[in-house]
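Input: a single structure, listed below in structure tokens.
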2 protein chains.
Amino acid sequence: MQQTALIECVPNFSEGRRAEVIAQIAAAARSAPVHLLDVSSDADHNRTVVTFAGAPEAVIEAAFAMCAAAAALIDLDQHQGVHPRIGAMDVIPLVPLRGITLEACAELARRLGRRIADELGLPVYLYEAAALRPERRSLAAVRRGGYEALKLAVERDPDRAPDYGAPKLGRAGAVAVGARMPLIAFNAYLNTDDVTTAQAVAKSIRESSGGLKHVKALGLLVGGRAQVSMNLTDYRQTGLFAVMQAVTREAARHGAAVERTELVGLIPQQALIDYAVDALGLPAHARRLTLERRLGEAAGDYRPILFDEQ
Amino acid sequence: MQQTALIECVPNFSEGRRAEVIAQIAAAARSAPVHLLDVSSDADHNRTVVTFAGAPEAVIEAAFAMCAAAAALIDLDQHQGVHPRIGAMDVIPLVPLRGITLEACAELARRLGRRIADELGLPVYLYEAAALRPERRSLAAVRRGGYEALKLAVERDPDRAPDYGAPKLGRAGAVAVGARMPLIAFNAYLNTDDVTTAQAVAKSIRESSGGLKHVKALGLLVGGRAQVSMNLTDYRQTGLFAVMQAVTREAARHGAAVERTELVGLIPQQALIDYAVDALGLPAHARRLTLERRLGEAAGDYRPILFDEQ
């Protein structure tokens, strides 16, 4: 059965405190027929993550409208927050959910980026699957040094010139537009206010320092607590159970423990189901033993999020 | 929106070894347009649990056909197994899933029981929500002493006379027909072959001995391992996390640990999601943060299993 294409967009913008501004930017997504699924603001990070989904053309339209609203309402010269960022509409990832490939989402991201540069006059960087330069597959590389460093470097360093738009940052900064598979943004709070413990845990578990594959991690101080802030970029390969085991073990090496955790935005339900199966010591096939899944399969309307079975 | 009524039927029959017999009985469910969702056989318990679902009339028809097949193919005088049982088709619970009440399922169970007694000549006991006598709300009370004890008692003891049918057990035994809410059948294997440890754990966690509400538990020896065999009869009140904490703690008091677990039949997905949320230390509202749920709610086709939100 040919499925209608469904994509998700998870823009992050650099405002997590002023409710009025957050509401205006989120409302801009409603300029196209998309499903607004979640708005998660974090006052410490001073950052908001919006999740919406719909048909590709509608999602592109809504993302453009949000970007225009964010650029008009956020001044990076006034923005403070612990999370790395380069712009008002900091990052716009497009995610295939059903009936569309990652490569098709990458093409959509390039079209969206071109339009943002042309019509809003913002410098645009294409990242991950949408990247035009291999070194820009990494979002961390694109955002290196944040807004303040990029503002200086963009005019002098050809390696940091945008993919689209003029090499100059105004108060709305730059925009990273990309395509990627679904990820899980997951934070663990430790029972300490010592940020160096969170940093040590983050360093030992993240792929870039030789830790777990498909895991990015930073140690931060959030609300007076050491926080290990993580992205699981392929939860089907490295899931929540493996990550929590590693965080717990490394925290214990520093005399600390995980107090609680949180999600930023939404999570594919299979990631929670897989965690439960692993943590309970259930056999692997138990992940398929839910009543809802069997009912959906039997009735022919089981519609998993993309690639669930691959 | 008025929903089409959907019910589940989870008959247990007393054969878990002879594949040919199991296949014939399961196939009998296909005599009506139901969705056959799962067939779980256990050779040690010598017992099979079938799960199917559909519209009420179709489910009743399929359950009757399976009961007829089981009565023809299984001889309780030849049956051995560690699980308590009173008949070939030992127990037939009807479970409301969507668009129907528990009381309506109880009425359907009584109709089905009447037909089994009239057309198959089997003694029928009505239990849980379908019970006509208050003391038969408990399935354990109905099955007390198993087939062997009931065979003797049924003819002499008016308290053990069936609700429908003659007070006499043939080789197919009796049938318990009932209605109940969804339950989770969940077993934990301990790292010991000492069945008394499993029995002690079971006793300390089950409601009937003053343990956790909505938990039934037995200690068994299965495959050379001590097994705590549990039913969670209201997982929204007492979930997998609370149960696993209790089993782990009580096992540790006897120097044992949980080695692995298993499900018998299917599980409502929210029970696994809730376990993950609890075990990860996520905030309670995270149970609603799945992408699939938000998408379904936004698109108006989110259809949880009955009572999910109540």
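Identifiers for the structure tokens are assigned positionally: chains receive A, B, ... in sequence, residues are indexed from 1 per chain, and ligands are indexed from 1 in the order shown.
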
Using only C-alpha atoms, find the residues of chain A whose closest atom to chain B is at most 8 Å away, then write them as a ChimeraX atom specification. /A:35-38,53,244,259-263,265-269,272-273,275-277,280-283,286,289-292,294-295,298-299,305

As a PyMOL selection string, please: the residues near Tyr147 in chain A (cut-off 12 Å, only C-alpha atoms, same-chain neighbours under 4 positions excluded). chain A and resi 14+75-81+83-90+123+142-143+151-154+168-176

Atoms kept (N, CA, C and O atoms) for selection, written as a tab-separated table (two decimals), in the first residue's frame:
```tsv
chain	number	residue	atom	x	y	z
A	14	SER	N	15.45	30.35	19.71
A	14	SER	CA	16.22	30.85	20.86
A	14	SER	C	15.39	31.77	21.75
A	14	SER	O	15.73	32.94	21.95
A	75	ASP	N	16.18	38.81	19.27
A	75	ASP	CA	17.44	39.53	19.05
A	75	ASP	C	18.55	38.76	19.75
A	75	ASP	O	18.62	38.72	20.97
A	76	LEU	N	19.43	38.16	18.95
A	76	LEU	CA	20.48	37.33	19.54
A	76	LEU	C	21.45	38.14	20.38
A	76	LEU	O	22.11	37.59	21.28
A	77	ASP	N	21.57	39.41	20.11
A	77	ASP	CA	22.48	40.23	20.92
A	77	ASP	C	21.96	40.36	22.36
A	77	ASP	O	22.72	40.68	23.27
A	78	GLN	N	20.66	40.08	22.55
A	78	GLN	CA	20.06	40.15	23.89
A	78	GLN	C	19.87	38.76	24.50
A	78	GLN	O	19.40	38.66	25.64
A	79	HIS	N	20.18	37.72	23.77
A	79	HIS	CA	19.83	36.37	24.20
A	79	HIS	C	20.92	35.72	25.06
A	79	HIS	O	22.09	35.75	24.72
A	80	GLN	N	20.50	35.15	26.17
A	80	GLN	CA	21.43	34.38	26.99
A	80	GLN	C	20.82	33.02	27.28
A	80	GLN	O	19.61	32.90	27.49
A	81	GLY	N	21.66	32.00	27.30
A	81	GLY	CA	21.17	30.66	27.59
A	81	GLY	C	22.34	29.69	27.52
A	81	GLY	O	23.35	29.98	26.87
A	83	HIS	N	22.47	26.73	26.15
A	83	HIS	CA	22.54	25.83	25.00
A	83	HIS	C	23.25	26.52	23.82
A	83	HIS	O	23.00	27.68	23.56
A	84	PRO	N	24.11	25.82	23.09
A	84	PRO	CA	24.75	26.41	21.92
A	84	PRO	C	23.70	26.82	20.89
A	84	PRO	O	22.74	26.08	20.67
A	85	ARG	N	23.85	27.98	20.25
A	85	ARG	CA	22.90	28.41	19.23
A	85	ARG	C	23.55	29.45	18.33
A	85	ARG	O	24.45	30.16	18.75
A	86	ILE	N	23.08	29.53	17.08
A	86	ILE	CA	23.61	30.51	16.15
A	86	ILE	C	22.55	31.49	15.66
A	86	ILE	O	22.89	32.46	14.99
A	87	GLY	N	21.26	31.23	15.99
A	87	GLY	CA	20.26	32.14	15.44
A	87	GLY	C	18.95	32.13	16.19
A	87	GLY	O	18.73	31.32	17.10
A	88	ALA	N	18.08	33.07	15.80
A	88	ALA	CA	16.75	33.19	16.39
A	88	ALA	C	15.99	31.89	16.12
A	88	ALA	O	15.53	31.21	17.03
A	89	MET	N	15.86	31.54	14.83
A	89	MET	CA	15.39	30.21	14.46
A	89	MET	C	16.66	29.41	14.28
A	89	MET	O	17.28	29.43	13.23
A	90	ASP	N	17.05	28.75	15.33
A	90	ASP	CA	18.40	28.19	15.39
A	90	ASP	C	18.59	27.02	14.44
A	90	ASP	O	19.58	26.93	13.73
A	123	PRO	N	21.48	34.14	6.56
A	123	PRO	CA	22.47	33.14	6.14
A	123	PRO	C	21.98	31.74	6.53
A	123	PRO	O	21.50	31.54	7.66
A	142	VAL	N	28.72	23.16	12.50
A	142	VAL	CA	28.05	24.36	11.96
A	142	VAL	C	27.90	25.41	13.06
A	142	VAL	O	28.08	26.60	12.83
A	143	ARG	N	27.57	24.95	14.29
A	143	ARG	CA	27.28	25.90	15.37
A	143	ARG	C	28.50	26.24	16.23
A	143	ARG	O	28.37	26.96	17.23
A	151	LYS	N	29.39	35.20	14.13
A	151	LYS	CA	29.20	36.59	13.68
A	151	LYS	C	30.53	37.19	13.20
A	151	LYS	O	30.57	37.92	12.19
A	152	LEU	N	31.59	36.87	13.92
A	152	LEU	CA	32.91	37.37	13.54
A	152	LEU	C	33.50	36.56	12.38
A	152	LEU	O	34.03	37.11	11.41
A	153	ALA	N	33.39	35.24	12.47
A	153	ALA	CA	34.07	34.36	11.50
A	153	ALA	C	33.43	34.39	10.12
A	153	ALA	O	34.12	34.24	9.09
A	154	VAL	N	32.12	34.58	10.08
A	154	VAL	CA	31.40	34.41	8.81
A	154	VAL	C	31.90	35.36	7.72
A	154	VAL	O	31.92	35.01	6.53
A	168	LYS	N	26.95	37.36	6.35
A	168	LYS	CA	26.85	38.43	7.35
A	168	LYS	C	25.71	38.11	8.32
A	168	LYS	O	24.59	37.79	7.89
A	169	LEU	N	26.00	38.15	9.63
A	169	LEU	CA	24.96	37.86	10.62
A	169	LEU	C	24.36	39.13	11.19
A	169	LEU	O	25.10	39.97	11.75
A	170	GLY	N	23.05	39.29	11.08
A	170	GLY	CA	22.34	40.36	11.76
A	170	GLY	C	21.90	39.86	13.14
A	170	GLY	O	22.37	38.82	13.61
A	171	ARG	N	20.98	40.60	13.75
A	171	ARG	CA	20.56	40.25	15.11
A	171	ARG	C	19.75	38.95	15.17
A	171	ARG	O	19.59	38.38	16.25
A	172	ALA	N	19.23	38.50	14.03
A	172	ALA	CA	18.50	37.23	14.03
A	172	ALA	C	19.46	36.05	13.81
A	172	ALA	O	19.05	34.89	13.86
A	173	GLY	N	20.72	36.36	13.58
A	173	GLY	CA	21.70	35.30	13.42
A	173	GLY	C	21.51	34.51	12.14
A	173	GLY	O	21.01	35.02	11.14
A	174	ALA	N	21.91	33.23	12.20
A	174	ALA	CA	21.84	32.35	11.04
A	174	ALA	C	20.87	31.21	11.33
A	174	ALA	O	20.38	31.06	12.45
A	175	VAL	N	20.59	30.40	10.30
A	175	VAL	CA	19.66	29.27	10.44
A	175	VAL	C	20.34	28.01	9.92
A	175	VAL	O	20.91	28.02	8.82
A	176	ALA	N	20.27	26.94	10.70
A	176	ALA	CA	20.73	25.64	10.22
A	176	ALA	C	19.50	24.84	9.79
A	176	ALA	O	18.58	24.64	10.58
```

Residues near Ala246 in chain A, anyone? I mean within 9 Å using only C-alpha atoms, not counting same-chain ones fewer than 5 positions away, as an MDAnalysis selection string. chainID A and resid 201 204:205 212 241 251

To test your reading of the structure, identify every residue in range 10-220 of chain B that backbone DSSP assigns to alpha helix (DSSP H), and report it as a PyMOL selection string. chain B and resi 19-28+56-73+102-120+139-142+146-153+195-205

Would you please extract all strand (DSSP E or B) residues from range 84-242 of chain A, as assigned by DSSP on the backbone, and give them as a ChimeraX atom specification? /A:87,89-98,124-128,164,173,175-179,184-190,215-222,225-232

Keeping only N, CA and C atoms, write the selected residues as a tab-separated table (two decimals), in the first residue's frame.
```tsv
chain	number	residue	atom	x	y	z
A	87	GLY	N	21.26	31.23	15.99
A	87	GLY	CA	20.26	32.14	15.44
A	87	GLY	C	18.95	32.13	16.19
A	89	MET	N	15.86	31.54	14.83
A	89	MET	CA	15.39	30.21	14.46
A	89	MET	C	16.66	29.41	14.28
A	90	ASP	N	17.05	28.75	15.33
A	90	ASP	CA	18.40	28.19	15.39
A	90	ASP	C	18.59	27.02	14.44
A	91	VAL	N	17.62	26.11	14.46
A	91	VAL	CA	17.80	24.89	13.67
A	91	VAL	C	16.43	24.37	13.23
A	92	ILE	N	16.36	23.94	11.98
A	92	ILE	CA	15.10	23.41	11.42
A	92	ILE	C	15.39	22.04	10.80
A	93	PRO	N	15.17	20.98	11.54
A	93	PRO	CA	15.34	19.64	10.98
A	93	PRO	C	14.04	19.10	10.39
A	94	LEU	N	14.12	18.49	9.24
A	94	LEU	CA	12.98	17.78	8.65
A	94	LEU	C	13.22	16.29	8.82
A	95	VAL	N	12.18	15.56	9.22
A	95	VAL	CA	12.32	14.16	9.61
A	95	VAL	C	11.29	13.31	8.86
A	96	PRO	N	11.73	12.28	8.13
A	96	PRO	CA	10.75	11.41	7.47
A	96	PRO	C	10.02	10.55	8.49
A	97	LEU	N	8.69	10.53	8.42
A	97	LEU	CA	7.93	9.65	9.33
A	97	LEU	C	7.34	8.46	8.58
A	98	ARG	N	6.64	8.73	7.49
A	98	ARG	CA	6.02	7.64	6.74
A	98	ARG	C	5.98	8.00	5.27
A	124	VAL	N	22.07	30.78	5.62
A	124	VAL	CA	21.56	29.44	5.87
A	124	VAL	C	22.67	28.40	5.72
A	125	TYR	N	22.74	27.51	6.69
A	125	TYR	CA	23.69	26.40	6.67
A	125	TYR	C	22.89	25.10	6.55
A	126	LEU	N	23.30	24.27	5.62
A	126	LEU	CA	22.62	22.98	5.43
A	126	LEU	C	23.42	21.90	6.15
A	127	TYR	N	22.71	21.08	6.98
A	127	TYR	CA	23.44	20.13	7.81
A	127	TYR	C	22.86	18.71	7.70
A	128	GLU	N	23.55	17.80	8.30
A	128	GLU	CA	23.23	16.35	8.26
A	128	GLU	C	22.89	15.90	6.84
A	164	TYR	N	23.71	29.27	1.67
A	164	TYR	CA	22.84	30.19	0.95
A	164	TYR	C	22.83	31.52	1.71
A	173	GLY	N	20.72	36.36	13.58
A	173	GLY	CA	21.70	35.30	13.42
A	173	GLY	C	21.51	34.51	12.14
A	175	VAL	N	20.59	30.40	10.30
A	175	VAL	CA	19.66	29.27	10.44
A	175	VAL	C	20.34	28.01	9.92
A	176	ALA	N	20.27	26.94	10.70
A	176	ALA	CA	20.73	25.64	10.22
A	176	ALA	C	19.50	24.84	9.79
A	177	VAL	N	19.48	24.44	8.51
A	177	VAL	CA	18.35	23.67	7.99
A	177	VAL	C	18.88	22.29	7.59
A	178	GLY	N	18.21	21.25	8.02
A	178	GLY	CA	18.75	19.93	7.73
A	178	GLY	C	17.67	18.87	7.63
A	179	ALA	N	18.12	17.65	7.39
A	179	ALA	CA	17.22	16.50	7.37
A	179	ALA	C	17.92	15.39	8.15
A	184	ILE	N	15.95	11.28	19.78
A	184	ILE	CA	15.39	11.44	21.12
A	184	ILE	C	16.26	12.45	21.87
A	185	ALA	N	15.65	13.53	22.34
A	185	ALA	CA	16.34	14.50	23.18
A	185	ALA	C	15.97	14.19	24.62
A	186	PHE	N	16.97	13.80	25.38
A	186	PHE	CA	16.74	13.18	26.68
A	186	PHE	C	17.78	13.72	27.67
A	187	ASN	N	17.33	14.21	28.81
A	187	ASN	CA	18.24	14.77	29.81
A	187	ASN	C	18.17	13.97	31.11
A	188	ALA	N	19.34	13.75	31.72
A	188	ALA	CA	19.38	13.09	33.03
A	188	ALA	C	19.94	14.08	34.04
A	189	TYR	N	19.21	14.29	35.15
A	189	TYR	CA	19.68	15.15	36.22
A	189	TYR	C	20.38	14.31	37.28
A	190	LEU	N	21.58	14.75	37.67
A	190	LEU	CA	22.32	14.04	38.71
A	190	LEU	C	22.05	14.67	40.07
A	215	VAL	N	25.23	8.59	20.09
A	215	VAL	CA	24.88	9.37	21.27
A	215	VAL	C	25.72	10.65	21.29
A	216	LYS	N	25.00	11.78	21.43
A	216	LYS	CA	25.66	13.06	21.67
A	216	LYS	C	25.36	13.45	23.10
A	217	ALA	N	26.29	14.07	23.78
A	217	ALA	CA	26.04	14.44	25.18
A	217	ALA	C	26.85	15.66	25.58
A	218	LEU	N	26.22	16.49	26.42
A	218	LEU	CA	26.87	17.66	27.01
A	218	LEU	C	26.59	17.64	28.50
A	219	GLY	N	27.55	18.14	29.28
A	219	GLY	CA	27.28	18.34	30.70
A	219	GLY	C	26.96	19.81	30.95
A	220	LEU	N	25.82	20.06	31.61
A	220	LEU	CA	25.38	21.44	31.83
A	220	LEU	C	24.97	21.61	33.30
A	221	LEU	N	24.85	22.86	33.72
A	221	LEU	CA	24.27	23.14	35.03
A	221	LEU	C	22.91	23.77	34.79
A	222	VAL	N	21.84	23.06	35.17
A	222	VAL	CA	20.48	23.52	34.87
A	222	VAL	C	19.65	23.50	36.15
A	225	ARG	N	21.28	21.98	39.16
A	225	ARG	CA	21.59	20.56	39.13
A	225	ARG	C	22.47	20.24	37.92
A	226	ALA	N	23.42	19.31	38.14
A	226	ALA	CA	24.25	18.85	37.04
A	226	ALA	C	23.37	18.04	36.10
A	227	GLN	N	23.36	18.42	34.82
A	227	GLN	CA	22.48	17.74	33.86
A	227	GLN	C	23.31	17.17	32.71
A	228	VAL	N	23.08	15.90	32.41
A	228	VAL	CA	23.66	15.30	31.21
A	228	VAL	C	22.60	15.42	30.12
A	229	SER	N	22.86	16.29	29.16
A	229	SER	CA	21.89	16.58	28.09
A	229	SER	C	22.28	15.76	26.87
A	230	MET	N	21.37	14.90	26.40
A	230	MET	CA	21.74	13.92	25.37
A	230	MET	C	20.82	13.96	24.16
A	231	ASN	N	21.39	13.63	23.02
A	231	ASN	CA	20.61	13.29	21.84
A	231	ASN	C	20.94	11.85	21.46
A	232	LEU	N	19.90	11.04	21.29
A	232	LEU	CA	20.08	9.69	20.77
A	232	LEU	C	19.70	9.77	19.29
```

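Picture a line from CA of Glu119 in chain B to CA of Ala63 in chain B; it runs 13.3 Å.
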
Selection: 12 Å around Ser41 in chain A, only C-alpha atoms, excl. self and same-chain fewer than 3 positions, as a list in words: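 The neighbour list is Pro11, Asn12, Phe13, Ser14, Glu15, Gly16, Arg17, Arg18, Ala19, Val21, Ile22, Ala23, Ala26, Asp38, Asp44, His45, Asn46, Arg47, Thr48, Val49, Val50, Thr51, Leu263, Val264 and Gly265 of chain A.
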
The selected residues should be written to file as a CSV table (one decimal), in the first residue's frame (atoms: N, CA and C atoms).
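Wrote it out as selection.csv, contents follow:
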```csv
chain,number,residue,atom,x,y,z
A,11,PRO,N,11.6,22.4,14.8
A,11,PRO,CA,12.4,23.6,14.9
A,11,PRO,C,12.7,24.0,16.3
A,12,ASN,N,14.0,24.5,16.5
A,12,ASN,CA,14.4,25.0,17.8
A,12,ASN,C,14.6,26.5,17.7
A,13,PHE,N,14.0,27.2,18.5
A,13,PHE,CA,14.3,28.7,18.5
A,13,PHE,C,14.8,29.2,19.8
A,14,SER,N,15.4,30.4,19.7
A,14,SER,CA,16.2,30.8,20.9
A,14,SER,C,15.4,31.8,21.8
A,15,GLU,N,14.3,31.2,22.3
A,15,GLU,CA,13.5,31.9,23.3
A,15,GLU,C,12.8,30.9,24.1
A,16,GLY,N,13.0,30.9,25.4
A,16,GLY,CA,12.4,29.9,26.3
A,16,GLY,C,11.7,30.6,27.5
A,17,ARG,N,11.7,31.9,27.5
A,17,ARG,CA,11.2,32.6,28.7
A,17,ARG,C,10.0,33.5,28.4
A,18,ARG,N,10.0,34.3,27.3
A,18,ARG,CA,8.9,35.2,27.1
A,18,ARG,C,7.7,34.5,26.4
A,19,ALA,N,6.7,34.2,27.2
A,19,ALA,CA,5.6,33.4,26.8
A,19,ALA,C,4.9,34.0,25.6
A,21,VAL,N,6.2,35.8,23.1
A,21,VAL,CA,7.0,35.6,21.9
A,21,VAL,C,6.9,34.1,21.5
A,22,ILE,N,7.0,33.2,22.5
A,22,ILE,CA,6.9,31.8,22.2
A,22,ILE,C,5.6,31.4,21.5
A,23,ALA,N,4.5,32.0,22.0
A,23,ALA,CA,3.2,31.7,21.5
A,23,ALA,C,3.0,32.3,20.1
A,26,ALA,N,5.1,29.9,17.7
A,26,ALA,CA,4.4,28.6,17.5
A,26,ALA,C,3.2,28.8,16.7
A,38,ASP,N,3.6,19.6,19.7
A,38,ASP,CA,4.2,19.8,21.0
A,38,ASP,C,5.0,21.2,21.0
A,44,ASP,N,15.9,27.7,31.4
A,44,ASP,CA,17.3,27.7,31.7
A,44,ASP,C,18.1,27.7,30.3
A,45,HIS,N,17.6,26.8,29.5
A,45,HIS,CA,18.3,26.8,28.1
A,45,HIS,C,17.9,28.0,27.3
A,46,ASN,N,16.8,28.7,27.8
A,46,ASN,CA,16.2,29.8,27.0
A,46,ASN,C,16.0,29.5,25.6
A,47,ARG,N,15.2,28.4,25.4
A,47,ARG,CA,15.1,27.8,24.1
A,47,ARG,C,13.8,27.0,24.0
A,48,THR,N,13.2,27.0,22.9
A,48,THR,CA,11.9,26.2,22.7
A,48,THR,C,12.0,25.3,21.5
A,49,VAL,N,11.5,24.1,21.7
A,49,VAL,CA,11.4,23.1,20.7
A,49,VAL,C,10.0,22.9,20.3
A,50,VAL,N,9.6,23.1,19.0
A,50,VAL,CA,8.3,22.9,18.6
A,50,VAL,C,8.3,21.6,17.7
A,51,THR,N,7.2,20.8,17.8
A,51,THR,CA,7.1,19.6,16.9
A,51,THR,C,5.8,19.8,16.2
A,263,LEU,N,12.3,14.3,28.9
A,263,LEU,CA,12.3,14.4,27.4
A,263,LEU,C,12.2,15.8,27.0
A,264,VAL,N,12.8,16.1,25.9
A,264,VAL,CA,12.6,17.4,25.3
A,264,VAL,C,11.8,17.1,24.0
A,265,GLY,N,10.6,17.6,23.8
A,265,GLY,CA,9.8,17.2,22.7
A,265,GLY,C,9.2,15.8,22.8
```

Skipping near chain neighbours, those fewer than 3 positions away, what residues fall within 9 Å of Ala62 in chain B using only C-alpha atoms, listed as a PyMOL selection string? chain B and resi 28-34+52+57-59+65-67

Counting only C-alpha atoms, what is within 8 Å of Ala55 in chain B, bar same-chain residues fewer than 6 positions away, as a list in words?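 Using only C-alpha atoms, the neighbours found are Thr4, Ala5, Leu6, Ile7 and Val34 of chain B.
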